[in-house]
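Asks: Here it is: the structure, laid out below.
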Amino acid sequence: MSRIETPRPIRGTQDIFGPDAEAFAHVVECFERVRKLYRFRRIEMPVFEKTEVFSRSLGETTDVVSKEMYSFDDRGGESLTLRPEFTAGIARAFITDGWQQYAPLKVATHGPLFRYERPQKGRYRQFHQIDAEVIGAAEPQADVELLVMADQLLKELGIADGVTLNLNTLGDGASREAWRSALIAYFRQHHGDLSEESQERLEKNPLRILDSKDPRDRPFVADAPQIDDFLSEEARDFFAQVTAGLDAAGVAWSRNPALVRGLDYYRHTAFEFITDRLGAQGTVLGGGRYDGLMESLGGAPTPAVGWAAGIERLAMLVQGDGQGGGELPADVIVVVENDAVMLDGVGAAAQLRRAGLSVDMIASGSPRKRFDKAVKLGAKAILALNPGDAGTQHRLRAEPDFAAVVDSALAGYRWQ
Ligand code: ATP
Ligand code: MG
């Protein structure tokens, strides 16, 4: 007899279940609450776009475009790509959907993204982000608002301790160009001593060498020219306003002159919230200002700034701190100890849930074991039902303050 093989899951994808799934949902719910406090409007975006949306906005030399995209030709022969990030698609929509009329536009979204990476803890091929963008705002206050929102989110998730906001400026276009040329000249002198990867990056994307984790690059990175020597007065002033705003809002930050974001479109502010509690995958949230992006997609020059955070990484921190997630808690377990009172189980559970309590019913398996099963679930209350002489008899076992809550939720319920 031949056995039928079950298809394996795709490498780098996750089936999220149990406490992991609760922590994931907790992160999203918290983000939804916080983005409303800052009045970011919710948007839903397509999971795929024309490939050029990403190749033109992110830049051909970036890791994402050069080796991480899931691209394919559809049946019409058009090259499409599963989104590796949100920003490019949102910028595309801003132009094609006439969202200019709403500028400055604050939007938020979340969902799956796809990158062909080497899977490991905290790094997947399908992963999920929460994302916030302010489009059409040139003022440093927009950067500040986004950073304060990110900070509040981490605090409300209870994971802000041990997460540091690393902040840098990449200057305006001219500052960034001057710095880039100086970096190329400097790293050329050390060409032979750099890692192969950095040698490759040197001419095309020298900023990325600063990002390198290869020990061979480290000594040269430490002495590399710094952006501060190339900042125009305007760029310097912009950055000063961002840091002053953070101080005013009580958000701690730390300057990291070697922080660069991998994508071509960044200008001025660049930032990452980093923790040492997730090993090598320590960046939980990253973003910055991308004033050059709209033009690369053929739109009018439009200043913008945004960030994205990995939901899986946030959920891992949330669970590590025992801050939420965990197993799904229950207020009341209704135990039908005898099938003759099944309908009262159904009716009472419905009434309790309508009163806003979380309820599960145990009404299957050996009747004698149902109560013990309920005890193991650790709910705040157990309501056990049995047939009695004068109709259904109900017995409530509850935490001291909670018995009254259940009683009042059941008030008016007519037992069969
Ligand atoms: P990294 O340096 O870890 O590769 P990145 O710079 O590529 O991050 P961004 O593109 O800035 O990441 O994405 C923002 C956030 O999304 C990251 O800080 C991280 O939390 C999360 N993230 C990015 N790539 C992955 C992935 N492959 N799996 C899980 N989370 C990811
Ligand atoms: Mg990456």
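Residue numbers start at 1 in each chain; chains themselves are named A, B, ... in the order of the structure tokens; ligands are numbered from 1 in the order shown.
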Find the residues around Gln100 (chain A) up to 10 Å (only C-alpha atoms counted), leave out those fewer than 4 positions away in its own chain, and share them as a PyMOL selection string.
Replies: chain A and resi 93-96+104-105+135-136+300+302
Asks: Within 9 Å of region 215-220 of chain A, counting only C-alpha atoms, which residues show up once you throw out same-chain ones fewer than 3 positions away? Write them as a list of chain:residue names, please.
Replies: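 Once the nearby chain positions are removed, what remains is A:Tyr186, A:Phe187, A:His190, A:Asp193, A:Leu194, A:Ser195, A:Ser198, A:Ile209, A:Leu210, A:Ser212, A:Asp223, A:Ala224.
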Asks: Deliver the residues from the most recent selection as a file, using N, CA, C and O atoms, as a PDB file, in the first residue's frame.
Replies:
ATOM      1  N   TYR A 186      37.592  56.733   1.483  1.00  0.00           N
ATOM      2  CA  TYR A 186      38.210  56.156   2.678  1.00  0.00           C
ATOM      3  C   TYR A 186      38.298  54.627   2.582  1.00  0.00           C
ATOM      4  O   TYR A 186      39.365  54.031   2.782  1.00  0.00           O
ATOM      5  N   PHE A 187      37.195  53.993   2.254  1.00  0.00           N
ATOM      6  CA  PHE A 187      37.203  52.521   2.222  1.00  0.00           C
ATOM      7  C   PHE A 187      38.060  51.981   1.084  1.00  0.00           C
ATOM      8  O   PHE A 187      38.606  50.877   1.186  1.00  0.00           O
ATOM      9  N   HIS A 190      41.372  50.915   2.113  1.00  0.00           N
ATOM     10  CA  HIS A 190      41.474  49.680   2.897  1.00  0.00           C
ATOM     11  C   HIS A 190      40.846  48.498   2.169  1.00  0.00           C
ATOM     12  O   HIS A 190      40.564  47.474   2.791  1.00  0.00           O
ATOM     13  N   ASP A 193      41.546  44.774   2.824  1.00  0.00           N
ATOM     14  CA  ASP A 193      41.338  44.253   4.177  1.00  0.00           C
ATOM     15  C   ASP A 193      39.873  44.084   4.546  1.00  0.00           C
ATOM     16  O   ASP A 193      39.550  43.514   5.591  1.00  0.00           O
ATOM     17  N   LEU A 194      38.992  44.594   3.701  1.00  0.00           N
ATOM     18  CA  LEU A 194      37.557  44.500   4.005  1.00  0.00           C
ATOM     19  C   LEU A 194      37.014  43.108   3.687  1.00  0.00           C
ATOM     20  O   LEU A 194      37.615  42.360   2.915  1.00  0.00           O
ATOM     21  N   SER A 195      35.883  42.780   4.294  1.00  0.00           N
ATOM     22  CA  SER A 195      35.217  41.511   3.956  1.00  0.00           C
ATOM     23  C   SER A 195      34.794  41.544   2.491  1.00  0.00           C
ATOM     24  O   SER A 195      34.636  42.628   1.914  1.00  0.00           O
ATOM     25  N   SER A 198      31.725  43.608   1.857  1.00  0.00           N
ATOM     26  CA  SER A 198      31.944  45.052   1.908  1.00  0.00           C
ATOM     27  C   SER A 198      32.697  45.533   0.670  1.00  0.00           C
ATOM     28  O   SER A 198      32.438  46.624   0.161  1.00  0.00           O
ATOM     29  N   ILE A 209      28.418  49.469   4.406  1.00  0.00           N
ATOM     30  CA  ILE A 209      29.598  48.898   5.072  1.00  0.00           C
ATOM     31  C   ILE A 209      29.562  49.250   6.561  1.00  0.00           C
ATOM     32  O   ILE A 209      29.983  48.477   7.410  1.00  0.00           O
ATOM     33  N   LEU A 210      29.010  50.407   6.879  1.00  0.00           N
ATOM     34  CA  LEU A 210      28.924  50.828   8.280  1.00  0.00           C
ATOM     35  C   LEU A 210      28.050  49.869   9.091  1.00  0.00           C
ATOM     36  O   LEU A 210      28.168  49.763  10.305  1.00  0.00           O
ATOM     37  N   SER A 212      28.005  46.665   8.641  1.00  0.00           N
ATOM     38  CA  SER A 212      28.572  45.314   8.581  1.00  0.00           C
ATOM     39  C   SER A 212      28.816  44.730   9.964  1.00  0.00           C
ATOM     40  O   SER A 212      29.268  45.418  10.878  1.00  0.00           O
ATOM     41  N   ASP A 223      36.756  54.093  12.337  1.00  0.00           N
ATOM     42  CA  ASP A 223      37.482  55.314  11.971  1.00  0.00           C
ATOM     43  C   ASP A 223      36.956  55.974  10.705  1.00  0.00           C
ATOM     44  O   ASP A 223      37.573  56.917  10.193  1.00  0.00           O
ATOM     45  N   ALA A 224      35.851  55.492  10.197  1.00  0.00           N
ATOM     46  CA  ALA A 224      35.330  56.032   8.928  1.00  0.00           C
ATOM     47  C   ALA A 224      34.853  57.475   9.108  1.00  0.00           C
ATOM     48  O   ALA A 224      34.497  57.883  10.217  1.00  0.00           O
TER      49      ALA A 224
END
Asks: Could you tell me, counting only C-alpha atoms and all ligand atoms, which protein and nucleic acid residues lie no more than 8 Å from ligand 2, written as a PDB file with all heavy atoms, in the first residue's frame?
Replies:
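Output contents, as saved in pocket-v9.pdb:
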ATOM      1  N   ASP A  63      20.016  44.867  -0.404  1.00  0.00           N
ATOM      2  CA  ASP A  63      19.852  43.420  -0.201  1.00  0.00           C
ATOM      3  C   ASP A  63      18.458  42.992  -0.593  1.00  0.00           C
ATOM      4  O   ASP A  63      18.269  41.956  -1.233  1.00  0.00           O
ATOM      5  CB  ASP A  63      20.057  43.068   1.285  1.00  0.00           C
ATOM      6  CG  ASP A  63      21.530  43.076   1.658  1.00  0.00           C
ATOM      7  OD1 ASP A  63      22.364  43.224   0.749  1.00  0.00           O
ATOM      8  OD2 ASP A  63      21.830  42.951   2.866  1.00  0.00           O
ATOM      9  N   VAL A  64      17.472  43.788  -0.193  1.00  0.00           N
ATOM     10  CA  VAL A  64      16.085  43.386  -0.441  1.00  0.00           C
ATOM     11  C   VAL A  64      15.847  43.183  -1.935  1.00  0.00           C
ATOM     12  O   VAL A  64      15.373  42.126  -2.361  1.00  0.00           O
ATOM     13  CB  VAL A  64      15.092  44.425   0.142  1.00  0.00           C
ATOM     14  CG1 VAL A  64      13.669  44.105  -0.298  1.00  0.00           C
ATOM     15  CG2 VAL A  64      15.177  44.449   1.662  1.00  0.00           C
ATOM     16  N   GLU A 117      15.142  35.143   2.847  1.00  0.00           N
ATOM     17  CA  GLU A 117      16.290  35.291   3.732  1.00  0.00           C
ATOM     18  C   GLU A 117      16.648  33.930   4.298  1.00  0.00           C
ATOM     19  O   GLU A 117      15.898  32.969   4.176  1.00  0.00           O
ATOM     20  CB  GLU A 117      15.936  36.201   4.912  1.00  0.00           C
ATOM     21  CG  GLU A 117      15.461  37.576   4.498  1.00  0.00           C
ATOM     22  CD  GLU A 117      15.713  38.601   5.587  1.00  0.00           C
ATOM     23  OE1 GLU A 117      16.894  38.876   5.857  1.00  0.00           O
ATOM     24  OE2 GLU A 117      14.736  39.122   6.152  1.00  0.00           O
TER      25      GLU A 117
END
Asks: Give me, as a Markdown table, the closest atom pair and its distance (Å, one decimal) for every residue of chain A within a cut-off of 10 Å of ligand 1, counting only C-alpha atoms and all ligand atoms, rows sorted by chain and rising number.
Replies:
| residue | atom | partner | partner_atom_place_in_ligand_line | distance |
| --- | --- | --- | --- | --- |
| A:Gly12 | CA | ligand 1 | 27 (N) | 8.5 |
| A:Thr13 | CA | ligand 1 | 28 (N) | 9.6 |
| A:Thr62 | CA | ligand 1 | 7 (O) | 10.0 |
| A:Asp63 | CA | ligand 1 | 7 (O) | 8.3 |
| A:Val64 | CA | ligand 1 | 7 (O) | 7.6 |
| A:Glu68 | CA | ligand 1 | 27 (N) | 9.3 |
| A:Pro84 | CA | ligand 1 | 10 (O) | 7.9 |
| A:Glu85 | CA | ligand 1 | 10 (O) | 6.5 |
| A:Phe86 | CA | ligand 1 | 10 (O) | 9.2 |
| A:Thr87 | CA | ligand 1 | 10 (O) | 9.7 |
| A:Pro112 | CA | ligand 1 | 29 (C) | 10.0 |
| A:Leu113 | CA | ligand 1 | 25 (C) | 8.3 |
| A:Phe114 | CA | ligand 1 | 27 (N) | 7.5 |
| A:Arg115 | CA | ligand 1 | 27 (N) | 6.0 |
| A:Tyr116 | CA | ligand 1 | 27 (N) | 7.8 |
| A:Glu117 | CA | ligand 1 | 27 (N) | 6.2 |
| A:Arg118 | CA | ligand 1 | 27 (N) | 8.1 |
| A:Pro119 | CA | ligand 1 | 27 (N) | 7.3 |
| A:Gln120 | CA | ligand 1 | 28 (N) | 8.4 |
| A:Lys121 | CA | ligand 1 | 28 (N) | 8.4 |
| A:Gly122 | CA | ligand 1 | 29 (C) | 5.1 |
| A:Arg123 | CA | ligand 1 | 28 (N) | 3.4 |
| A:Tyr124 | CA | ligand 1 | 28 (N) | 4.0 |
| A:Arg125 | CA | ligand 1 | 27 (N) | 5.5 |
| A:Gln126 | CA | ligand 1 | 28 (N) | 6.9 |
| A:Phe127 | CA | ligand 1 | 29 (C) | 4.9 |
| A:His128 | CA | ligand 1 | 30 (N) | 6.7 |
| A:Gln129 | CA | ligand 1 | 16 (O) | 5.9 |
| A:Ile130 | CA | ligand 1 | 16 (O) | 8.4 |
| A:Asp131 | CA | ligand 1 | 14 (C) | 8.7 |
| A:Asp211 | CA | ligand 1 | 2 (O) | 8.7 |
| A:Val260 | CA | ligand 1 | 6 (O) | 9.3 |
| A:Arg261 | CA | ligand 1 | 6 (O) | 6.5 |
| A:Gly262 | CA | ligand 1 | 6 (O) | 6.4 |
| A:Leu263 | CA | ligand 1 | 10 (O) | 8.3 |
| A:Phe271 | CA | ligand 1 | 11 (O) | 9.4 |
| A:Glu272 | CA | ligand 1 | 18 (O) | 7.2 |
| A:Phe273 | CA | ligand 1 | 18 (O) | 7.7 |
| A:Ile274 | CA | ligand 1 | 18 (O) | 8.2 |
| A:Ala280 | CA | ligand 1 | 3 (O) | 8.1 |
| A:Gln281 | CA | ligand 1 | 3 (O) | 5.4 |
| A:Gly282 | CA | ligand 1 | 3 (O) | 7.0 |
| A:Thr283 | CA | ligand 1 | 18 (O) | 4.4 |
| A:Val284 | CA | ligand 1 | 20 (O) | 3.8 |
| A:Leu285 | CA | ligand 1 | 18 (O) | 4.2 |
| A:Gly286 | CA | ligand 1 | 11 (O) | 4.7 |
| A:Gly287 | CA | ligand 1 | 11 (O) | 6.1 |
| A:Gly288 | CA | ligand 1 | 11 (O) | 9.3 |
| A:Trp307 | CA | ligand 1 | 14 (C) | 7.3 |
| A:Ala308 | CA | ligand 1 | 14 (C) | 4.8 |
| A:Ala309 | CA | ligand 1 | 15 (C) | 4.3 |
| A:Gly310 | CA | ligand 1 | 20 (O) | 3.4 |
| A:Ile311 | CA | ligand 1 | 20 (O) | 6.9 |
| A:Glu312 | CA | ligand 1 | 29 (C) | 6.3 |
| A:Arg313 | CA | ligand 1 | 20 (O) | 5.7 |
| A:Leu314 | CA | ligand 1 | 20 (O) | 7.4 |
Asks: Rounded to one decimal in Å, what is the spacing between CA of Leu317 (chain A) and CA of Leu37 (chain A)?
Replies: 23.0 Å
Asks: Of the residues A:Ala160, A:Leu297, A:Val335, A:Ala142, which is the one nearest to Gly59 (chain A), using only C-alpha atoms?
Replies: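 Comparing A:Ala160, A:Leu297, A:Val335, A:Ala142 against Gly59 (chain A), the winner is A:Leu297.
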Asks: Between CA of Tyr265 (chain A) and CA of Glu197 (chain A), what is the distance, to one decimal in Å?
Replies: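 Atom-to-atom, CA of Tyr265 (chain A) and CA of Glu197 (chain A) are spaced 21.3 Å apart.
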Asks: Using only C-alpha atoms, determine which residues lie at most 12 Å from His268 (chain A), disregarding the query and same-chain residues fewer than 4 positions distant; provide the list as a ChimeraX atom specification.
Replies: /A:138-140,143,167-176,227-228,231-232,234-242,259-261,287-292,303-305
Asks: Take the residues that were just selected and, keeping N, CA, C and O atoms, output them as a short mmCIF file (atom, residue, chain, number, x, y, z; two decimals), in the first residue's frame.
Replies:
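Result file follows (again01.cif):
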data_model
loop_
_atom_site.label_atom_id
_atom_site.label_comp_id
_atom_site.auth_asym_id
_atom_site.auth_seq_id
_atom_site.Cartn_x
_atom_site.Cartn_y
_atom_site.Cartn_z
N ALA A 138 6.99 67.97 5.89
CA ALA A 138 8.42 68.24 5.82
C ALA A 138 9.01 68.59 7.18
O ALA A 138 10.21 68.62 7.35
N GLU A 139 8.14 68.84 8.17
CA GLU A 139 8.61 69.37 9.44
C GLU A 139 9.18 68.27 10.34
O GLU A 139 8.65 67.16 10.36
N PRO A 140 10.18 68.62 11.13
CA PRO A 140 10.75 67.65 12.07
C PRO A 140 9.74 67.16 13.09
O PRO A 140 9.91 66.09 13.67
N ASP A 143 8.60 63.68 12.36
CA ASP A 143 9.53 62.64 12.82
C ASP A 143 9.34 62.40 14.31
O ASP A 143 9.32 61.26 14.79
N LEU A 167 19.48 56.80 17.24
CA LEU A 167 19.05 57.86 16.34
C LEU A 167 20.25 58.39 15.55
O LEU A 167 21.34 58.52 16.09
N ASN A 168 20.00 58.69 14.29
CA ASN A 168 21.06 59.31 13.48
C ASN A 168 20.42 60.21 12.44
O ASN A 168 19.20 60.18 12.24
N THR A 169 21.24 61.04 11.81
CA THR A 169 20.77 61.77 10.65
C THR A 169 21.67 61.41 9.48
O THR A 169 22.87 61.19 9.65
N LEU A 170 21.06 61.29 8.32
CA LEU A 170 21.83 61.04 7.10
C LEU A 170 21.96 62.32 6.30
O LEU A 170 22.48 62.33 5.20
N GLY A 171 21.45 63.42 6.86
CA GLY A 171 21.53 64.71 6.18
C GLY A 171 20.57 64.80 5.02
O GLY A 171 19.81 63.89 4.74
N ASP A 172 20.58 65.96 4.36
CA ASP A 172 19.77 66.11 3.15
C ASP A 172 20.51 65.45 1.99
O ASP A 172 21.59 64.88 2.17
N GLY A 173 19.94 65.51 0.80
CA GLY A 173 20.54 64.84 -0.36
C GLY A 173 21.99 65.23 -0.55
O GLY A 173 22.85 64.36 -0.76
N ALA A 174 22.31 66.53 -0.46
CA ALA A 174 23.67 67.00 -0.71
C ALA A 174 24.63 66.50 0.38
O ALA A 174 25.73 66.02 0.08
N SER A 175 24.20 66.58 1.66
CA SER A 175 25.06 66.10 2.74
C SER A 175 25.35 64.61 2.55
O SER A 175 26.48 64.15 2.70
N ARG A 176 24.30 63.88 2.23
CA ARG A 176 24.45 62.43 2.10
C ARG A 176 25.39 62.07 0.96
O ARG A 176 26.22 61.16 1.09
N ILE A 227 29.08 61.43 9.36
CA ILE A 227 28.12 62.33 8.70
C ILE A 227 28.20 63.76 9.26
O ILE A 227 28.05 64.73 8.52
N ASP A 228 28.51 63.88 10.53
CA ASP A 228 28.52 65.21 11.14
C ASP A 228 29.43 66.21 10.42
O ASP A 228 29.18 67.40 10.41
N LEU A 231 27.35 67.60 7.23
CA LEU A 231 25.98 68.10 7.32
C LEU A 231 25.90 69.56 6.92
O LEU A 231 26.69 70.38 7.37
N SER A 232 24.92 69.89 6.09
CA SER A 232 24.65 71.29 5.79
C SER A 232 24.03 71.92 7.05
O SER A 232 23.57 71.20 7.95
N GLU A 234 21.30 73.46 7.32
CA GLU A 234 19.88 73.11 7.37
C GLU A 234 19.67 71.72 7.96
O GLU A 234 18.78 71.50 8.79
N ALA A 235 20.49 70.79 7.50
CA ALA A 235 20.35 69.41 7.98
C ALA A 235 20.67 69.32 9.46
O ALA A 235 20.00 68.60 10.22
N ARG A 236 21.67 70.07 9.88
CA ARG A 236 22.06 70.08 11.29
C ARG A 236 20.90 70.64 12.14
O ARG A 236 20.54 70.10 13.18
N ASP A 237 20.29 71.70 11.63
CA ASP A 237 19.19 72.33 12.35
C ASP A 237 17.97 71.39 12.43
O ASP A 237 17.31 71.29 13.46
N PHE A 238 17.71 70.69 11.33
CA PHE A 238 16.60 69.74 11.30
C PHE A 238 16.77 68.69 12.40
O PHE A 238 15.86 68.41 13.18
N PHE A 239 17.96 68.15 12.46
CA PHE A 239 18.23 67.10 13.44
C PHE A 239 18.11 67.65 14.87
O PHE A 239 17.57 66.97 15.76
N ALA A 240 18.58 68.87 15.06
CA ALA A 240 18.48 69.49 16.40
C ALA A 240 17.02 69.63 16.82
O ALA A 240 16.66 69.45 17.98
N GLN A 241 16.14 69.93 15.84
CA GLN A 241 14.72 70.05 16.18
C GLN A 241 14.10 68.70 16.53
O GLN A 241 13.20 68.61 17.37
N VAL A 242 14.56 67.67 15.84
CA VAL A 242 14.04 66.33 16.16
C VAL A 242 14.44 65.95 17.60
O VAL A 242 13.59 65.53 18.40
N LEU A 259 24.65 54.46 12.46
CA LEU A 259 23.37 53.88 12.05
C LEU A 259 22.99 54.35 10.65
O LEU A 259 22.84 55.54 10.41
N VAL A 260 22.88 53.42 9.73
CA VAL A 260 22.39 53.77 8.40
C VAL A 260 21.28 52.78 8.11
O VAL A 260 21.28 51.68 8.62
N ARG A 261 20.33 53.17 7.35
CA ARG A 261 19.30 52.24 6.95
C ARG A 261 19.69 51.76 5.56
O ARG A 261 20.23 52.51 4.77
N GLY A 287 13.08 52.84 11.06
CA GLY A 287 12.46 53.73 10.08
C GLY A 287 13.25 54.99 9.89
O GLY A 287 14.39 55.10 10.34
N GLY A 288 12.61 55.95 9.26
CA GLY A 288 13.28 57.22 9.02
C GLY A 288 12.53 58.03 7.99
O GLY A 288 11.41 57.69 7.60
N ARG A 289 13.20 59.09 7.56
CA ARG A 289 12.60 60.04 6.63
C ARG A 289 12.99 59.66 5.21
O ARG A 289 14.14 59.31 4.96
N TYR A 290 12.03 59.69 4.31
CA TYR A 290 12.32 59.26 2.93
C TYR A 290 11.85 60.29 1.91
O TYR A 290 11.07 60.01 1.03
N ASP A 291 12.38 61.49 2.02
CA ASP A 291 11.95 62.58 1.15
C ASP A 291 12.15 62.32 -0.34
O ASP A 291 11.50 62.94 -1.17
N GLY A 292 13.08 61.41 -0.70
CA GLY A 292 13.37 61.21 -2.12
C GLY A 292 12.50 60.16 -2.80
O GLY A 292 12.54 59.99 -4.02
N PRO A 303 7.79 65.12 0.90
CA PRO A 303 8.53 64.68 2.08
C PRO A 303 7.69 63.68 2.87
O PRO A 303 6.47 63.80 2.94
N ALA A 304 8.34 62.71 3.47
CA ALA A 304 7.59 61.70 4.22
C ALA A 304 8.52 61.02 5.22
O ALA A 304 9.74 61.05 5.07
N VAL A 305 7.90 60.41 6.22
CA VAL A 305 8.69 59.73 7.25
C VAL A 305 7.84 58.58 7.80
O VAL A 305 6.60 58.67 7.81
#
Asks: Using DSSP secondary structure from the backbone, list all strand (DSSP E or B) positions within region 250-297 of chain A, as a PyMOL selection string.
Replies: chain A and resi 254-255+267-275+283-289
Asks: Nearest to Ser181 (chain A): which of A:Phe40, A:Lys155, A:Pro225, A:Pro329 is it, counting only C-alpha atoms?
Replies: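 Of A:Phe40, A:Lys155, A:Pro225, A:Pro329, the one nearest Ser181 (chain A), counting only C-alpha atoms, is A:Pro225.
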Asks: Just checking: using only C-alpha atoms, which residue out of A:Arg353, A:Arg39, A:Lys213, A:Arg208 ends up closest to Ala409 (chain A)?
Replies: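 Looking only at the distances to Ala409 (chain A), the closest residue turns out to be A:Arg353.
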Asks: Counting only C-alpha atoms, what is within 7 Å of Arg180 (chain A), bar same-chain residues fewer than 3 positions away, as JSON, numbers by chain?
Replies: {"A": [176, 177, 183, 184, 206, 207]}
Asks: Please list as JSON, numbers by chain every residue within 9 Å of Val332 (chain A), counting only C-alpha atoms and excluding residues in the same chain fewer than 3 positions away.
Replies: {"A": [349, 352, 357, 358, 359, 360, 361, 379, 380, 381, 382, 383, 398, 406]}
Asks: May I have all residues of region 326-382 of chain A that DSSP, computed from the backbone, assigns to helix (DSSP H, G or I), given as a tab-separated table (two decimals) with N, CA, C and O atoms, in the first residue's frame?
Replies:
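What ended up in states02.tsv:
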chain	number	residue	atom	x	y	z
A	339	ASP	N	-25.91	15.54	30.88
A	339	ASP	CA	-26.39	15.98	29.57
A	339	ASP	C	-27.86	16.42	29.59
A	339	ASP	O	-28.31	17.12	28.68
A	340	ALA	N	-28.61	16.03	30.65
A	340	ALA	CA	-30.02	16.42	30.72
A	340	ALA	C	-30.18	17.93	30.82
A	340	ALA	O	-31.23	18.49	30.50
A	341	VAL	N	-29.14	18.63	31.30
A	341	VAL	CA	-29.26	20.10	31.43
A	341	VAL	C	-28.43	20.82	30.38
A	341	VAL	O	-28.05	21.98	30.54
A	342	MET	N	-28.18	20.14	29.25
A	342	MET	CA	-27.38	20.70	28.17
A	342	MET	C	-27.88	22.07	27.71
A	342	MET	O	-27.12	23.01	27.51
A	343	LEU	N	-29.22	22.20	27.58
A	343	LEU	CA	-29.76	23.46	27.05
A	343	LEU	C	-29.52	24.63	27.99
A	343	LEU	O	-29.32	25.76	27.54
A	344	ASP	N	-29.50	24.37	29.29
A	344	ASP	CA	-29.18	25.45	30.21
A	344	ASP	C	-27.71	25.83	30.13
A	344	ASP	O	-27.34	26.99	30.36
A	345	GLY	N	-26.87	24.86	29.81
A	345	GLY	CA	-25.46	25.19	29.57
A	345	GLY	C	-25.34	26.18	28.42
A	345	GLY	O	-24.68	27.21	28.52
A	346	VAL	N	-26.02	25.84	27.32
A	346	VAL	CA	-25.99	26.70	26.14
A	346	VAL	C	-26.56	28.08	26.46
A	346	VAL	O	-25.98	29.11	26.12
A	347	GLY	N	-27.71	28.10	27.16
A	347	GLY	CA	-28.38	29.36	27.45
A	347	GLY	C	-27.59	30.24	28.41
A	347	GLY	O	-27.43	31.45	28.19
A	348	ALA	N	-27.06	29.62	29.48
A	348	ALA	CA	-26.33	30.41	30.48
A	348	ALA	C	-25.03	30.95	29.88
A	348	ALA	O	-24.66	32.11	30.10
A	349	ALA	N	-24.34	30.12	29.09
A	349	ALA	CA	-23.09	30.57	28.47
A	349	ALA	C	-23.38	31.77	27.56
A	349	ALA	O	-22.64	32.76	27.57
A	350	ALA	N	-24.46	31.69	26.79
A	350	ALA	CA	-24.80	32.80	25.89
A	350	ALA	C	-25.07	34.07	26.68
A	350	ALA	O	-24.61	35.15	26.33
A	351	GLN	N	-25.82	33.94	27.78
A	351	GLN	CA	-26.15	35.12	28.60
A	351	GLN	C	-24.89	35.75	29.18
A	351	GLN	O	-24.73	36.96	29.19
A	352	LEU	N	-23.99	34.90	29.68
A	352	LEU	CA	-22.74	35.42	30.28
A	352	LEU	C	-21.88	36.14	29.24
A	352	LEU	O	-21.31	37.19	29.50
A	353	ARG	N	-21.82	35.55	28.05
A	353	ARG	CA	-21.01	36.19	27.00
A	353	ARG	C	-21.63	37.51	26.57
A	353	ARG	O	-20.92	38.48	26.31
A	354	ARG	N	-22.95	37.56	26.49
A	354	ARG	CA	-23.60	38.83	26.12
A	354	ARG	C	-23.33	39.90	27.16
A	354	ARG	O	-23.37	41.08	26.87
A	367	PRO	N	-18.92	12.50	32.02
A	367	PRO	CA	-19.50	13.55	32.87
A	367	PRO	C	-18.76	13.71	34.20
A	367	PRO	O	-18.62	14.84	34.68
A	368	ARG	N	-18.27	12.62	34.76
A	368	ARG	CA	-17.61	12.71	36.06
A	368	ARG	C	-16.30	13.48	35.99
A	368	ARG	O	-15.83	13.99	36.98
A	369	LYS	N	-15.67	13.55	34.80
A	369	LYS	CA	-14.37	14.21	34.68
A	369	LYS	C	-14.48	15.68	34.25
A	369	LYS	O	-13.48	16.39	34.21
A	370	ARG	N	-15.72	16.10	33.93
A	370	ARG	CA	-15.84	17.45	33.35
A	370	ARG	C	-15.43	18.54	34.35
A	370	ARG	O	-14.79	19.52	33.97
A	371	PHE	N	-15.81	18.36	35.59
A	371	PHE	CA	-15.50	19.41	36.58
A	371	PHE	C	-13.99	19.55	36.76
A	371	PHE	O	-13.46	20.66	36.80
A	372	ASP	N	-13.30	18.41	36.83
A	372	ASP	CA	-11.84	18.46	37.00
A	372	ASP	C	-11.16	19.13	35.81
A	372	ASP	O	-10.19	19.86	35.96
A	373	LYS	N	-11.69	18.85	34.63
A	373	LYS	CA	-11.16	19.51	33.43
A	373	LYS	C	-11.27	21.02	33.58
A	373	LYS	O	-10.36	21.76	33.23
A	374	ALA	N	-12.43	21.44	34.08
A	374	ALA	CA	-12.68	22.88	34.22
A	374	ALA	C	-11.71	23.50	35.23
A	374	ALA	O	-11.18	24.59	35.00
A	375	VAL	N	-11.47	22.79	36.32
A	375	VAL	CA	-10.57	23.32	37.35
A	375	VAL	C	-9.19	23.59	36.76
A	375	VAL	O	-8.55	24.60	37.04
A	376	LYS	N	-8.75	22.69	35.89
A	376	LYS	CA	-7.40	22.82	35.30
A	376	LYS	C	-7.26	24.06	34.44
A	376	LYS	O	-6.16	24.54	34.20
Asks: May I have the residues within 10 Å of Met45 (chain A) as a list in words, using only C-alpha atoms and disregarding those fewer than 3 positions away in the same chain?
Replies: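 In the requested format, the answer is Phe48, Glu49, Arg83, Phe86, Gly89, Ile90, Ala93, Thr109, His110 and Gly111 of chain A.
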Asks: Output C-alpha atoms for every residue in the selection just made, as a short mmCIF file (atom, residue, chain, number, x, y, z; two decimals), in the first residue's frame.
Replies:
data_model
loop_
_atom_site.label_atom_id
_atom_site.label_comp_id
_atom_site.auth_asym_id
_atom_site.auth_seq_id
_atom_site.Cartn_x
_atom_site.Cartn_y
_atom_site.Cartn_z
CA PHE A 48 1.64 42.27 -4.26
CA GLU A 49 2.69 45.09 -6.55
CA ARG A 83 5.69 42.96 -0.88
CA PHE A 86 5.03 48.48 3.15
CA GLY A 89 3.37 50.33 -1.97
CA ILE A 90 1.93 53.09 0.19
CA ALA A 93 -0.94 54.47 -3.68
CA THR A 109 -1.40 49.29 8.57
CA HIS A 110 -0.17 45.80 9.39
CA GLY A 111 0.15 42.46 7.66
#
Asks: Neighbours of Leu80 (chain A) within 7 Å (only C-alpha atoms; same-chain residues fewer than 6 positions away dropped), as a list in words?
Replies: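 Returned residues: Phe48, Glu49, Lys50, Thr51, Ser71, Phe72, Asp73 and Asp74 of chain A.
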